[in-house]
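Below is one structure, written out as structure tokens, with a few remarks after it.
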Amino acid sequence: MPATPTPAKSAPIMHGFANPARFVRLARWLMPLLLVSGIVIAAAALAWGLFVAPADGLQGETVRILYIHVPAAWLGMGGWMAIAVASLVELVWRHPLAGIAARAAAVPGAVYTVFCLITGSLWGRPAWGAWWVWDGRLTSMLVLLFLYFGYLALADASSEAQGGSRLAAIFGLVGAINIPVIHYSVLWWNSLHQPPSISLGRSAMAPDFLWPLLAATIGFSLIFGGVVLARMRAILADVQAEARLRRKARNGAGAGAWSDA
Amino acid sequence: MSAVQTQAAGPQGLKAKHQRLVLVVIALAALIGAALLAIWGLRAQASYFYVPGEILAVRPAPDRGVRLGGMVEKGSLRTEPDGVTIGFVVGDGKARVPVRFKGIVPSLFTEGSGVVAEGRLGKDGIFVADNLLAKHDERYVPREMKDMTAAQAKQVVAETQ
């Protein structure tokens with residue numbers, strides 16, 4: 001039967017990190033590594049893009065905003081994909097770290113989405129002649145930002161009520177519908193935003209632009225990973241502190257009851 | 001047989017886990033179906049502009065503000081005697097619409113590149129634009145390569161593929 005081998009195979013990987021102590025030990029050295037390497041690579045890539053890479057034939061110098069705008073857009077969408085996958089794992093397998101990972105990815109994802117919208121707007125004014133237009137791509141990206149706000153509010157509200165993060169997980173899963181809409185918006189509908197320059201194995205972008213862009217993407221991705229780990233550690237520490245307080249309060253109440261007797 | 005194996009695998013949680021997986025998959029399938037329906041319903045409304053073929057088929061009323069998008073045909077751009085009004089032809093390979101515009105054009109606006117014009121389609125078939133937006137395409141070519149022929153530039157870009 002296909003159903004039985006799956007849990008047997010996935011169990012060691014899935015439950016290897018079910019123990020948060022193990023995760024915390026890993027995150028303690030991985031987090032600074034990701035953050036430092038990410039900052040170094042991103043800074044080098046931006047310097048490359050801003051000072052070394054050529055100007056574009058049509059757009060001129062404004063093309064350089066690409067090295068922030070495109071990685072930010074990818075990671076804004078990638079952040080929600082991370083939320084969706086973690087939410088699925090939380091809902092189906094009840095993995096103890098999944099909900100925490102989903103919550104940790106929301107803030108950096110939202111920040112990257114804001115970067116994407118701001119840099120896009122700054123580029124749009126000189127290139128298109130408009131700060132903002134309501135075409136499919138821009139609108140769906142703005143919807144993504146509002147989804148992040150909604151998710152953050154839900155996750156915050158549910159973290160106060162014990163074990164109530166299921167609602168946030170469902171929201172995270174449902175909101176993933178927007179990701180393919182963002183991606184295909186420029187292909188399904190006439191839009192002012194250009195279609196993708198880079199798809200699997202094909203690039204309409206000259207290598208002079210492509211390489212610094214890929215380097216910047218790697219750098220920003222590493223920073224994203226480092227921030228997620230840092231936030232997961234912080235959330236875990238919060239949960240631990242809360243549990244300790246609760247235990248103390250319970251013990252204190254118990255002691256009081258005994259002394260009364 | 002499956003029941004026996006499931007029991008052999010032991011914990012009650014296994015079954016519940018699969019139940020949840022099936023539920024989530026069904027819910028997601030329903031959701032994706034709904035989203036596809038919505039997108040299908042929106043396919044005309046969510047477009048930012050008409051291409052020339054569509055605008056000639058739809059023929060929006062002359063008092064209705066619409067957007068027209070397409071390529072500025074090479075050799076069609078001309079300035080009228082008043083010096084600020086320009087005329088050009090927007091084409092999509094199938095149909096062509098003449099456009100008139102008075103004002104400052106965005107810097108990316110040139111012949112042979114994309115444009116979105118906001119305005120009205122007159123009864124005479126001339127589109128009178130109040131605003132022009134330049135549309136950038138997906139190609140990024142360095143300034144040094146711009147003077148190459150299109151075929152040369154294409155070849156350089158193709159080398160990265």
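Residues in the structure tokens are named by chain (A, B, ... in the order shown) and by number from 1 within that chain; ligands are numbered from 1 in the order shown.
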Residues of chain A at most 9 Å from chain B: nearest atom pair and distance in Å, only C-alpha atoms, as a Markdown table:
```
| residue | atom | partner | partner_atom | distance |
| --- | --- | --- | --- | --- |
| A:Met1 | CA | B:Ser2 | CA | 6.7 |
| A:Ala3 | CA | B:His18 | CA | 8.3 |
| A:Thr4 | CA | B:Thr6 | CA | 6.8 |
| A:Pro7 | CA | B:Leu14 | CA | 8.0 |
| A:Ala8 | CA | B:Ala9 | CA | 8.6 |
| A:Ala53 | CA | B:Pro142 | CA | 8.7 |
| A:Pro54 | CA | B:Pro142 | CA | 5.7 |
| A:Ala55 | CA | B:Pro142 | CA | 5.7 |
| A:Asp56 | CA | B:Pro142 | CA | 4.4 |
| A:Gly57 | CA | B:Arg143 | CA | 3.7 |
| A:Leu58 | CA | B:Leu108 | CA | 6.5 |
| A:Gln59 | CA | B:Leu108 | CA | 6.8 |
| A:Gly60 | CA | B:Arg143 | CA | 7.3 |
| A:Val63 | CA | B:Tyr140 | CA | 8.6 |
| A:Leu88 | CA | B:Val24 | CA | 7.9 |
| A:Leu91 | CA | B:Arg20 | CA | 7.3 |
| A:Val92 | CA | B:Arg20 | CA | 5.3 |
| A:Trp93 | CA | B:Lys17 | CA | 6.1 |
| A:Arg94 | CA | B:Lys17 | CA | 8.5 |
| A:Arg125 | CA | B:Pro106 | CA | 8.8 |
| A:Pro126 | CA | B:Ser107 | CA | 6.9 |
| A:Ala127 | CA | B:Leu108 | CA | 5.8 |
| A:Trp128 | CA | B:Ala134 | CA | 4.5 |
| A:Gly129 | CA | B:Pro106 | CA | 5.2 |
| A:Ala130 | CA | B:Leu133 | CA | 7.1 |
| A:Val133 | CA | B:Tyr48 | CA | 8.8 |
| A:Trp134 | CA | B:Tyr48 | CA | 7.4 |
| A:Asp135 | CA | B:Tyr48 | CA | 5.2 |
| A:Gly136 | CA | B:Ala46 | CA | 6.5 |
| A:Leu173 | CA | B:Leu28 | CA | 8.1 |
| A:Val174 | CA | B:Leu28 | CA | 7.5 |
| A:Ile177 | CA | B:Ile32 | CA | 7.0 |
| A:Val181 | CA | B:Ile39 | CA | 8.5 |
| A:Trp188 | CA | B:Arg43 | CA | 7.2 |
| A:Trp189 | CA | B:Ser47 | CA | 4.6 |
| A:Asn190 | CA | B:Ser47 | CA | 4.7 |
| A:Ser191 | CA | B:Tyr48 | CA | 5.1 |
| A:Leu192 | CA | B:Lys135 | CA | 5.8 |
| A:His193 | CA | B:Lys135 | CA | 7.2 |
| A:Gln194 | CA | B:Asp137 | CA | 5.1 |
| A:Pro195 | CA | B:Glu138 | CA | 5.7 |
| A:Pro196 | CA | B:Glu138 | CA | 6.1 |
| A:Ser197 | CA | B:Glu138 | CA | 4.7 |
| A:Ile198 | CA | B:Glu138 | CA | 8.5 |
| A:Gly201 | CA | B:Gln161 | CA | 5.9 |
| A:Arg202 | CA | B:Gln161 | CA | 5.0 |
| A:Ser203 | CA | B:Gln161 | CA | 6.0 |
| A:Ala204 | CA | B:Arg139 | CA | 5.0 |
| A:Met205 | CA | B:Tyr140 | CA | 4.6 |
| A:Ala206 | CA | B:Val157 | CA | 5.0 |
| A:Pro207 | CA | B:Thr160 | CA | 6.2 |
| A:Asp208 | CA | B:Pro142 | CA | 7.4 |
| A:Phe209 | CA | B:Tyr140 | CA | 7.5 |
| A:Leu210 | CA | B:Thr160 | CA | 8.9 |
```
- Could you please write out, as a count of residues only, every residue of region 152-256 of chain A that DSSP assigns to helix (DSSP H, G or I)? 80
- With only C-alpha atoms as the basis for distance, which of A:Phe171, A:Trp80, A:Trp29, A:Phe224 is at the shortest distance from Ala106 (chain A)?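 Of A:Phe171, A:Trp80, A:Trp29, A:Phe224, the one nearest Ala106 (chain A) is A:Trp80, counting only C-alpha atoms.
Here CA of Gly219 (chain A) and CA of Leu75 (chain A) stand 11.2 Å from one another.
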- Message: For Val97 (chain B), find every residue with an atom within 9 Å (counting only C-alpha atoms), except residues of its own chain fewer than 2 positions away, and show them as a VMD selection string.
- Response: chain B and resid 52 to 53 55 to 56 68 88 to 91 95 99 125 to 127
- Task: For region 76-85 of chain B, list every protein, DNA or RNA residue within 8 Å, evaluated using only C-alpha atoms, and leave out those in the same chain fewer than 3 positions away; present the list as a ChimeraX atom specification.
- Result: /B:72-73,88-89,100-104,111
- Can you list, as a ChimeraX atom specification, every protein, DNA or RNA residue that comes within 8 Å of Ile41 (chain A) when you count only C-alpha atoms, leaving out same-chain residues fewer than 5 positions away? /A:215-216,218-219
